[in-house]
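Heads up, upload-v4.cif below (mmCIF, C-alpha atoms):
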```cif
data_final
loop_
_atom_site.label_atom_id
_atom_site.label_comp_id
_atom_site.auth_asym_id
_atom_site.auth_seq_id
_atom_site.Cartn_x
_atom_site.Cartn_y
_atom_site.Cartn_z
CA MET A 723 -13.29 -17.04 -6.35
CA GLY A 724 -13.56 -13.83 -4.34
CA PHE A 725 -15.49 -10.62 -4.89
CA LEU A 726 -12.33 -8.89 -6.15
CA ASP A 727 -9.69 -11.23 -7.57
CA ILE A 728 -6.11 -10.33 -8.44
CA ARG A 729 -4.53 -13.25 -10.29
CA ASP A 730 -0.85 -13.51 -11.29
CA VAL A 731 -0.64 -9.75 -11.83
CA THR A 732 2.73 -8.35 -12.88
CA LYS A 733 3.83 -4.85 -13.82
CA PHE A 734 6.86 -3.82 -15.84
CA TYR A 735 8.19 -0.33 -16.46
CA GLY A 736 10.45 -0.96 -19.42
CA GLN A 737 12.69 -3.85 -18.35
CA THR A 738 12.07 -3.29 -14.64
CA GLU A 739 9.54 -5.59 -12.97
CA VAL A 740 7.92 -3.67 -10.10
CA LEU A 741 5.18 -6.19 -9.22
CA HIS A 742 5.82 -9.93 -9.29
CA ARG A 743 2.87 -12.33 -9.83
CA ILE A 744 0.53 -10.84 -7.23
CA ASN A 745 -2.32 -13.13 -6.12
CA ILE A 746 -4.99 -11.85 -3.72
CA SER A 747 -8.64 -12.89 -3.44
CA ILE A 748 -10.73 -10.29 -1.60
CA GLU A 749 -14.16 -11.19 -0.24
CA GLU A 750 -17.20 -8.91 -0.35
CA ASP A 751 -17.31 -6.47 2.62
CA GLU A 752 -13.63 -7.15 3.42
CA PHE A 753 -11.20 -4.40 4.46
CA LEU A 754 -7.83 -5.29 2.92
CA VAL A 755 -4.83 -3.10 3.67
CA LEU A 756 -1.77 -3.07 1.39
CA VAL A 757 1.16 -2.06 3.56
CA GLY A 758 4.88 -1.73 2.97
CA PRO A 759 7.74 0.76 2.68
CA SER A 760 7.85 3.49 0.04
CA GLY A 761 8.48 2.08 -3.42
CA CYS A 762 7.27 -1.46 -2.67
CA GLY A 763 4.51 -1.33 -5.33
CA LYS A 764 1.38 -0.93 -3.19
CA SER A 765 0.11 2.28 -4.86
CA THR A 766 0.93 0.84 -8.29
CA LEU A 767 -1.25 -2.20 -7.50
CA LEU A 768 -4.07 0.05 -6.30
CA ASN A 769 -3.87 2.12 -9.51
CA MET A 770 -4.02 -1.07 -11.59
CA ILE A 771 -7.26 -2.06 -9.82
CA ALA A 772 -8.62 1.43 -10.51
CA GLY A 773 -7.56 1.33 -14.17
CA LEU A 774 -5.13 4.22 -13.81
CA GLU A 775 -2.18 1.91 -14.61
CA SER A 776 -2.11 -0.81 -17.26
CA ILE A 777 -1.55 -4.47 -16.29
CA THR A 778 1.46 -6.08 -17.94
CA SER A 779 0.15 -9.61 -17.35
CA GLY A 780 -2.42 -11.36 -15.19
CA GLU A 781 -6.05 -10.52 -14.49
CA VAL A 782 -8.14 -8.35 -12.17
CA SER A 783 -11.82 -9.22 -11.86
CA ILE A 784 -14.80 -7.89 -9.88
CA ARG A 785 -17.83 -10.14 -9.35
CA GLY A 786 -16.27 -12.57 -11.84
CA ARG A 787 -15.97 -9.92 -14.59
CA VAL A 788 -12.42 -9.37 -15.87
CA ILE A 789 -11.77 -5.61 -15.93
CA ASN A 790 -8.39 -5.55 -17.71
CA GLY A 791 -8.67 -2.81 -20.30
CA VAL A 792 -12.03 -1.55 -18.98
CA HIS A 793 -12.04 2.26 -18.71
CA PRO A 794 -11.82 3.51 -15.08
CA SER A 795 -15.24 5.17 -15.39
CA GLN A 796 -16.82 1.80 -16.24
CA ARG A 797 -15.38 -0.19 -13.31
CA ASN A 798 -17.78 1.07 -10.62
CA ILE A 799 -14.83 1.83 -8.34
CA ALA A 800 -14.43 4.94 -6.18
CA MET A 801 -11.01 6.21 -5.11
CA VAL A 802 -9.98 8.50 -2.26
CA PHE A 803 -6.59 10.11 -2.91
CA GLN A 804 -3.87 11.30 -0.56
CA SER A 805 -4.25 14.84 -1.93
CA TYR A 806 -8.10 14.80 -1.65
CA ALA A 807 -8.28 16.08 -5.28
CA LEU A 808 -11.18 18.48 -4.61
CA TYR A 809 -12.24 21.16 -7.10
CA PRO A 810 -11.31 24.47 -5.39
CA ASN A 811 -13.90 26.52 -7.31
CA MET A 812 -16.83 24.25 -6.35
CA THR A 813 -18.76 24.09 -3.09
CA VAL A 814 -18.59 20.99 -0.91
CA GLY A 815 -22.01 19.89 -2.15
CA LYS A 816 -21.00 20.33 -5.79
CA ASN A 817 -17.71 18.45 -5.22
CA ILE A 818 -19.61 15.50 -3.80
CA THR A 819 -22.27 15.29 -6.53
CA PHE A 820 -20.20 16.31 -9.57
CA GLY A 821 -19.45 12.71 -10.53
CA LEU A 822 -23.13 11.79 -10.36
CA GLU A 823 -23.97 14.74 -12.57
CA MET A 824 -21.41 13.61 -15.15
CA HIS A 825 -23.06 10.17 -15.17
CA GLY A 826 -26.47 11.68 -15.91
CA VAL A 827 -28.05 11.14 -12.49
CA SER A 828 -31.12 13.34 -12.01
CA ARG A 829 -30.95 16.42 -9.80
CA HIS A 830 -33.49 15.00 -7.34
CA GLU A 831 -31.48 11.78 -6.91
CA ARG A 832 -28.26 13.75 -6.54
CA GLU A 833 -29.72 15.92 -3.80
CA GLU A 834 -31.09 12.91 -1.92
CA ALA A 835 -27.76 11.09 -2.12
CA LEU A 836 -25.90 14.24 -1.03
CA LEU A 837 -28.04 14.73 2.07
CA ASP A 838 -27.69 11.05 3.07
CA VAL A 839 -23.89 11.06 2.72
CA ALA A 840 -23.44 14.50 4.32
CA LYS A 841 -25.45 13.40 7.35
CA LEU A 842 -23.49 10.14 7.59
CA LEU A 843 -20.16 12.00 7.53
CA GLN A 844 -21.42 14.90 9.68
CA ILE A 845 -20.59 17.53 7.06
CA ASP A 846 -24.17 18.66 6.28
CA HIS A 847 -23.36 22.12 7.72
CA LEU A 848 -20.43 22.54 5.28
CA LEU A 849 -22.19 21.98 1.96
CA ASP A 850 -22.06 25.63 0.84
CA ARG A 851 -18.39 26.17 1.68
CA LYS A 852 -15.43 25.94 -0.69
CA PRO A 853 -12.54 23.50 -0.01
CA GLY A 854 -10.23 26.41 0.90
CA GLN A 855 -12.47 27.18 3.88
CA LEU A 856 -12.15 23.66 5.34
CA SER A 857 -9.69 21.99 7.70
CA GLY A 858 -7.68 18.97 6.60
CA GLY A 859 -10.06 16.58 8.35
CA GLN A 860 -13.10 18.22 6.78
CA ARG A 861 -11.54 18.00 3.31
CA GLN A 862 -10.88 14.30 3.89
CA ARG A 863 -14.55 13.78 4.79
CA VAL A 864 -15.60 15.56 1.61
CA ALA A 865 -13.30 13.33 -0.46
CA MET A 866 -14.84 10.29 1.26
CA GLY A 867 -18.33 11.67 0.62
CA ARG A 868 -17.61 12.01 -3.08
CA ALA A 869 -16.66 8.32 -3.12
CA LEU A 870 -19.57 7.13 -0.96
CA VAL A 871 -22.26 8.93 -2.93
CA ARG A 872 -21.59 6.75 -5.97
CA LYS A 873 -22.28 3.44 -4.10
CA PRO A 874 -19.42 1.65 -5.89
CA ASP A 875 -18.54 -2.05 -5.76
CA VAL A 876 -15.08 -1.29 -4.33
CA PHE A 877 -13.57 1.66 -2.46
CA LEU A 878 -9.86 2.35 -2.99
CA PHE A 879 -7.99 4.51 -0.47
CA ASP A 880 -4.47 5.71 -1.33
CA GLU A 881 -2.77 6.87 1.91
CA PRO A 882 -5.75 9.12 2.72
CA LEU A 883 -4.56 10.17 6.19
CA SER A 884 -0.90 10.94 5.53
CA ASN A 885 -1.49 14.71 5.24
CA LEU A 886 -3.20 14.98 8.64
CA ASP A 887 -1.60 15.69 12.01
CA ALA A 888 -1.16 12.82 14.48
CA LYS A 889 -4.32 13.35 16.57
CA LEU A 890 -6.57 13.94 13.56
CA ARG A 891 -5.11 10.84 11.91
CA VAL A 892 -6.19 8.75 14.91
CA ASP A 893 -9.67 10.33 14.87
CA MET A 894 -10.14 9.75 11.13
CA ARG A 895 -8.91 6.17 11.49
CA THR A 896 -11.74 5.57 13.94
CA GLU A 897 -14.24 7.23 11.59
CA ILE A 898 -13.17 5.08 8.63
CA LYS A 899 -13.46 1.93 10.74
CA LYS A 900 -16.95 2.93 11.93
CA LEU A 901 -17.94 3.70 8.35
CA HIS A 902 -16.83 0.27 7.13
CA GLU A 903 -18.64 -1.52 9.94
CA LYS A 904 -21.83 0.45 9.25
CA LEU A 905 -21.88 0.24 5.43
CA LYS A 906 -20.23 -3.21 5.01
CA THR A 907 -18.33 -1.99 1.97
CA THR A 908 -15.39 -3.64 0.21
CA ILE A 909 -12.26 -1.56 0.77
CA VAL A 910 -8.68 -1.81 -0.47
CA TYR A 911 -6.55 0.64 1.49
CA VAL A 912 -2.90 1.59 0.89
CA THR A 913 -0.63 2.86 3.67
CA HIS A 914 2.97 2.73 4.82
CA ASP A 915 1.78 3.14 8.43
CA GLN A 916 1.66 -0.27 10.11
CA ILE A 917 -0.54 1.08 12.96
CA GLU A 918 -3.20 2.03 10.38
CA ALA A 919 -2.86 -1.40 8.83
CA MET A 920 -3.30 -3.22 12.15
CA THR A 921 -6.24 -1.15 13.41
CA LEU A 922 -8.31 -0.85 10.22
CA SER A 923 -7.97 -4.14 8.36
CA THR A 924 -9.67 -7.48 8.36
CA ARG A 925 -6.63 -8.73 6.39
CA ILE A 926 -3.22 -7.30 5.57
CA ALA A 927 -0.97 -7.85 2.56
CA VAL A 928 2.62 -6.91 3.39
CA LEU A 929 4.59 -5.94 0.27
CA GLU A 930 8.29 -5.44 -0.20
CA GLN A 931 10.11 -4.90 -3.50
CA GLY A 932 7.03 -5.92 -5.47
CA HIS A 933 6.49 -9.23 -3.70
CA ILE A 934 3.80 -10.18 -1.19
CA GLN A 935 5.76 -11.18 1.89
CA GLN A 936 2.68 -12.27 3.85
CA LEU A 937 -1.11 -12.17 3.55
CA GLY A 938 -3.19 -12.74 6.67
CA THR A 939 -5.20 -11.30 9.53
CA PRO A 940 -3.61 -8.61 11.71
CA GLN A 941 -3.13 -11.21 14.46
CA GLU A 942 -1.41 -13.67 12.09
CA ILE A 943 0.87 -10.98 10.70
CA TYR A 944 1.82 -9.70 14.15
CA ASN A 945 2.15 -12.96 16.09
CA THR A 946 3.51 -15.30 13.41
CA PRO A 947 5.40 -13.19 10.85
CA ALA A 948 6.41 -15.16 7.78
CA ASN A 949 9.93 -13.75 7.77
CA VAL A 950 12.28 -11.26 9.40
CA PHE A 951 11.10 -8.39 7.18
CA VAL A 952 7.46 -8.75 8.27
CA GLY A 953 8.48 -9.17 11.91
CA ARG A 954 10.50 -5.98 11.90
CA PHE A 955 8.14 -3.93 9.73
CA MET A 956 4.93 -4.66 11.64
CA GLY A 957 5.00 -3.39 15.22
CA SER A 958 6.24 -0.30 17.04
CA PRO A 959 8.81 -0.64 18.50
CA ALA A 960 9.90 -3.27 16.02
CA MET A 961 10.32 -6.94 16.82
CA ASN A 962 13.70 -7.81 18.35
CA VAL A 963 15.63 -10.23 16.11
CA ILE A 964 18.44 -11.69 18.20
CA PRO A 965 21.26 -13.99 16.97
CA ALA A 966 21.10 -17.21 18.98
CA ARG A 967 22.10 -20.87 18.92
CA VAL A 968 19.80 -23.82 19.54
CA ALA A 969 20.80 -26.09 22.43
CA VAL A 970 18.69 -29.22 23.00
CA GLN A 971 18.62 -30.65 26.53
CA GLU A 972 16.67 -33.86 27.20
CA GLY A 973 14.68 -33.28 24.02
CA VAL A 974 13.77 -29.68 24.93
CA PRO A 975 15.10 -26.89 22.64
CA PHE A 976 16.60 -23.74 24.16
CA ALA A 977 17.81 -20.51 22.59
CA CYS A 978 21.34 -19.83 23.78
CA VAL A 979 21.99 -16.06 23.75
CA THR A 980 24.96 -13.94 24.77
CA ASP A 981 24.17 -11.35 27.47
CA SER A 982 25.77 -7.93 28.06
CA GLY A 983 28.59 -9.55 30.08
CA ASP A 984 29.44 -12.00 27.27
CA GLY A 985 27.94 -14.86 29.28
CA GLU A 986 25.55 -17.37 27.73
CA GLN A 987 21.99 -17.72 28.96
CA LEU A 988 19.29 -20.22 27.96
CA LEU A 989 15.72 -19.38 26.99
CA ARG A 990 13.45 -22.42 26.69
CA PHE A 991 11.35 -22.51 23.53
CA SER A 992 7.65 -23.32 23.77
CA GLN A 993 7.57 -25.08 20.39
CA ALA A 994 9.24 -28.48 20.01
CA ASN A 995 9.92 -28.11 16.27
CA LEU A 996 13.43 -26.77 16.92
CA ALA A 997 14.71 -30.04 18.41
CA GLY A 998 16.25 -30.88 15.03
CA TRP A 999 18.21 -27.63 15.04
CA ASP A 1000 20.55 -28.63 17.89
CA GLY A 1001 23.82 -26.68 17.64
CA ARG A 1002 22.62 -24.57 14.70
CA GLU A 1003 22.38 -20.79 14.52
CA ILE A 1004 18.96 -19.13 14.40
CA LEU A 1005 17.44 -15.67 14.71
CA LEU A 1006 15.21 -15.38 17.77
CA GLY A 1007 12.24 -13.08 17.17
CA ILE A 1008 10.55 -11.63 20.23
CA ARG A 1009 8.50 -8.45 20.55
CA PRO A 1010 9.32 -5.76 23.15
CA GLU A 1011 6.11 -6.38 25.12
CA ALA A 1012 7.17 -10.02 25.57
CA ILE A 1013 10.25 -8.82 27.50
CA THR A 1014 9.32 -7.05 30.71
CA ASP A 1015 9.87 -6.82 34.45
CA PRO A 1016 8.86 -9.96 36.42
CA GLU A 1017 5.81 -8.28 37.99
CA GLY A 1018 4.52 -7.20 34.59
CA ALA A 1019 4.85 -10.65 32.99
CA ASP A 1020 1.80 -12.31 31.42
CA ARG A 1021 0.25 -14.50 34.11
CA GLY A 1022 -1.52 -16.58 31.46
CA SER A 1023 1.71 -17.63 29.78
CA THR A 1024 2.99 -21.18 30.29
CA ASN A 1025 6.61 -20.33 29.56
CA VAL A 1026 8.00 -17.17 31.14
CA VAL A 1027 11.79 -17.40 31.43
CA SER A 1028 13.91 -15.19 33.68
CA LEU A 1029 17.11 -13.63 32.35
CA ARG A 1030 19.40 -11.21 34.18
CA ASN A 1031 21.01 -8.43 32.16
CA ARG A 1032 22.37 -4.89 32.34
CA ILE A 1033 20.25 -1.93 31.18
CA GLY A 1034 21.83 0.40 28.63
CA VAL A 1035 19.12 3.03 28.04
CA THR A 1036 15.76 3.86 29.65
CA GLU A 1037 13.00 5.74 27.83
CA PRO A 1038 9.93 6.73 29.90
CA ALA A 1039 6.93 6.92 27.55
CA GLY A 1040 4.02 7.78 29.82
CA SER A 1041 2.08 4.52 29.95
CA ASP A 1042 5.24 2.41 29.54
CA THR A 1043 8.95 2.49 30.12
CA PHE A 1044 11.10 1.18 27.26
CA VAL A 1045 14.56 -0.10 28.12
CA THR A 1046 17.40 -1.06 25.82
CA MET A 1047 20.00 -3.72 26.60
CA THR A 1048 22.52 -5.83 24.71
CA LEU A 1049 21.73 -9.44 23.78
CA GLY A 1050 23.46 -11.46 21.10
CA GLY A 1051 25.66 -8.45 20.41
CA ILE A 1052 22.76 -6.20 19.34
CA ASP A 1053 20.47 -3.65 21.00
CA VAL A 1054 17.25 -5.24 22.28
CA THR A 1055 14.16 -3.31 23.44
CA ALA A 1056 11.96 -4.35 26.37
CA ARG A 1057 8.63 -2.82 27.37
CA MET A 1058 8.12 -2.40 31.11
CA ARG A 1059 5.45 -0.89 33.33
CA ALA A 1060 5.53 2.89 33.70
CA ASP A 1061 6.31 2.79 37.44
CA VAL A 1062 9.25 0.39 37.20
CA ASN A 1063 12.31 1.91 38.86
CA VAL A 1064 15.20 1.05 36.53
CA CYS A 1065 18.19 3.18 35.58
CA ARG A 1066 20.98 3.01 33.04
CA GLY A 1067 23.67 0.62 34.26
CA ASP A 1068 21.35 -1.40 36.55
CA THR A 1069 21.52 -5.18 36.32
CA VAL A 1070 17.96 -6.46 36.63
CA ASP A 1071 15.82 -9.57 36.20
CA LEU A 1072 13.82 -9.64 32.99
CA ALA A 1073 10.85 -11.88 32.15
CA PHE A 1074 10.85 -13.34 28.61
CA ASN A 1075 7.48 -14.67 27.46
CA MET A 1076 8.75 -17.45 25.23
CA ASP A 1077 5.19 -18.40 24.24
CA LYS A 1078 5.41 -15.28 22.06
CA ALA A 1079 8.83 -16.06 20.56
CA VAL A 1080 9.42 -17.22 16.99
CA ALA A 1081 12.54 -18.56 15.30
CA PHE A 1082 13.86 -17.59 11.87
CA ASP A 1083 16.34 -19.38 9.62
CA PRO A 1084 19.33 -16.98 9.37
CA GLU A 1085 20.02 -18.01 5.76
CA THR A 1086 16.52 -17.58 4.27
CA GLU A 1087 15.19 -15.27 7.04
CA LYS A 1088 11.93 -17.25 6.89
CA ARG A 1089 10.12 -18.35 10.04
CA ILE A 1090 10.88 -21.94 11.06
CA GLU A 1091 7.45 -23.56 10.94
CA SER A 1092 6.07 -25.32 13.98
#
```
Mind turning the file's structure into C-alpha cells?
Amino acid sequence: MGFLDIRDVTKFYGQTEVLHRINISIEEDEFLVLVGPSGCGKSTLLNMIAGLESITSGEVSIRGRVINGVHPSQRNIAMVFQSYALYPNMTVGKNITFGLEMHGVSRHEREEALLDVAKLLQIDHLLDRKPGQLSGGQRQRVAMGRALVRKPDVFLFDEPLSNLDAKLRVDMRTEIKKLHEKLKTTIVYVTHDQIEAMTLSTRIAVLEQGHIQQLGTPQEIYNTPANVFVGRFMGSPAMNVIPARVAVQEGVPFACVTDSGDGEQLLRFSQANLAGWDGREILLGIRPEAITDPEGADRGSTNVVSLRNRIGVTEPAGSDTFVTMTLGGIDVTARMRADVNVCRGDTVDLAFNMDKAVAFDPETEKRIES
C-alpha cells in the first residue's frame, strides 16, 4: 500500500467511460506526473483525487484512509491550477493566507507561515501588491505559496506552467524541482508537455483515451516504451518507428529495412529475443539521437551499425543538426553534431546505435519483450 492509492478507479459521463480501471500506488515524497494528449483523462483523474469530480467506481485513499465522498476541504490536499485562481481584490499576502483564515488559524500563525513561504519562494517583497501588478511567473509563485502554506499531505498541479512563455516555463520547472527536493512533498502533476514530465518526475504515468499505457521512471518510459504510442509521444523529436522485417542469420536477428534507393539493408539487433520472428514483419523503434554521423556515435555502445542513405532535409538547430531521410518508406529523423557538413541530396554513412533500438509487434503495437 502506498501513501496515495488509486485502485480500480473508473469514471463515466453518462454512458461514456472516460477513465478505465486506473491503478496507481504513489509513495510518500514521490513526484508523479500524469502525461498524455488533450482529452486523455489526466485532469479528470486529478480532479477526482481532489474531490472536485465524483468517482464512478473504485477507491482513492491517502495514508490508508479512503476519501471517496469526503469533501475537498477535508482531504488535506492543495491544488495549483492552470489559471492561478487568485483573488484580484486581495493582496499577495492575503491571497496566500486566506485559506488558513477560513480554517480558523490564528493571525500569529498565519503571519509566521506567510513569511516562511514568501521567503522560500522569493516573493517576500511582493506581499502588498495585487495580482494585477504581477508578472505571470510571480502569479504562479503566489499560487504555489497559497498551496504550500497549508502543509497538505498531497500537492496537485494542473498544467501550472502552460500560460507562461518558453523561457519562464523552463525557469519555473527548475524552481518546482528544487522545491520538491527541498520540502520532500508528495506531488501529482498533470501536463501534456513530455519535457516537463521527463525533467520533473520520479515516475510518469502515460495516459491515452482513459487508459494507462505505461507507468515507470522517466528512463524506463524513454528507453523501453511499452508500445508505439508511448514511444512516439515521449521524446522530441519523436521516436522513429520504421517498418522492417526480421532476418535471422546464424542465430542472430537483423532488421531488414528498405533504404531511399529501394535497396535492403540489415541492422543487427542487440537483443536475441527476435530470433523466433524470422521472416516476420515488425516495427523498429529507434530515437533520433541513436542515428547520427559516424564520428558522433556512442563509443560505449557494443552494437553500432553503419548504413548508407540519401539525405532529404537538413535542419540546423544550434547545438545539433537534424536530418530527414527515407527508410522503410517513411521519413526518419537523425540527430547529428552541429558542425557536420551534410546537404540535401547527399548520400552519407549513418551510425545506428542498435543497443538503443526496440521492436514492436505491428498488430498489437506493443513492445516485443526481451
One residue among A:Pro959, A:Gly983, A:Gly1001, A:Pro947 is nearest to Gln971 in chain A when using only C-alpha atoms, and that residue is A:Gly1001
So what does the PyMOL selection byres ((chain A and resi 1019) around 12) actually pick up in this one, as a PyMOL selection string? chain A and resi 1010-1018+1020-1028+1056-1059+1071-1078
Would you mind reading off the distance between CA of Thr738 in chain A and CA of Asn769 in chain A, one decimal, in Å?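 A separation of 17.6 Å between them.
Closest approach to Ile746 in chain A among A:Gly758, A:Val910, A:Val802, A:Met866 is made by A:Val910 (distances from only C-alpha atoms).
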Can you list what the PyMOL selection byres ((chain A and resi 725-737) around 7) grabs from this structure, as a short mmCIF file (atom, residue, chain, number, x, y, z; two decimals) with C-alpha atoms, keeping the file's coordinate frame?
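Okay, part_34.cif is ready:
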```
data_model
loop_
_atom_site.label_atom_id
_atom_site.label_comp_id
_atom_site.auth_asym_id
_atom_site.auth_seq_id
_atom_site.Cartn_x
_atom_site.Cartn_y
_atom_site.Cartn_z
CA MET A 723 -13.29 -17.04 -6.35
CA GLY A 724 -13.56 -13.83 -4.34
CA THR A 738 12.07 -3.29 -14.64
CA GLU A 739 9.54 -5.59 -12.97
CA VAL A 740 7.92 -3.67 -10.10
CA LEU A 741 5.18 -6.19 -9.22
CA HIS A 742 5.82 -9.93 -9.29
CA ARG A 743 2.87 -12.33 -9.83
CA ILE A 744 0.53 -10.84 -7.23
CA ASN A 745 -2.32 -13.13 -6.12
CA ILE A 746 -4.99 -11.85 -3.72
CA SER A 747 -8.64 -12.89 -3.44
CA ILE A 748 -10.73 -10.29 -1.60
CA GLU A 749 -14.16 -11.19 -0.24
CA GLU A 750 -17.20 -8.91 -0.35
CA ILE A 777 -1.55 -4.47 -16.29
CA THR A 778 1.46 -6.08 -17.94
CA SER A 779 0.15 -9.61 -17.35
CA GLY A 780 -2.42 -11.36 -15.19
CA GLU A 781 -6.05 -10.52 -14.49
CA VAL A 782 -8.14 -8.35 -12.17
CA SER A 783 -11.82 -9.22 -11.86
CA ILE A 784 -14.80 -7.89 -9.88
CA ARG A 785 -17.83 -10.14 -9.35
#
```
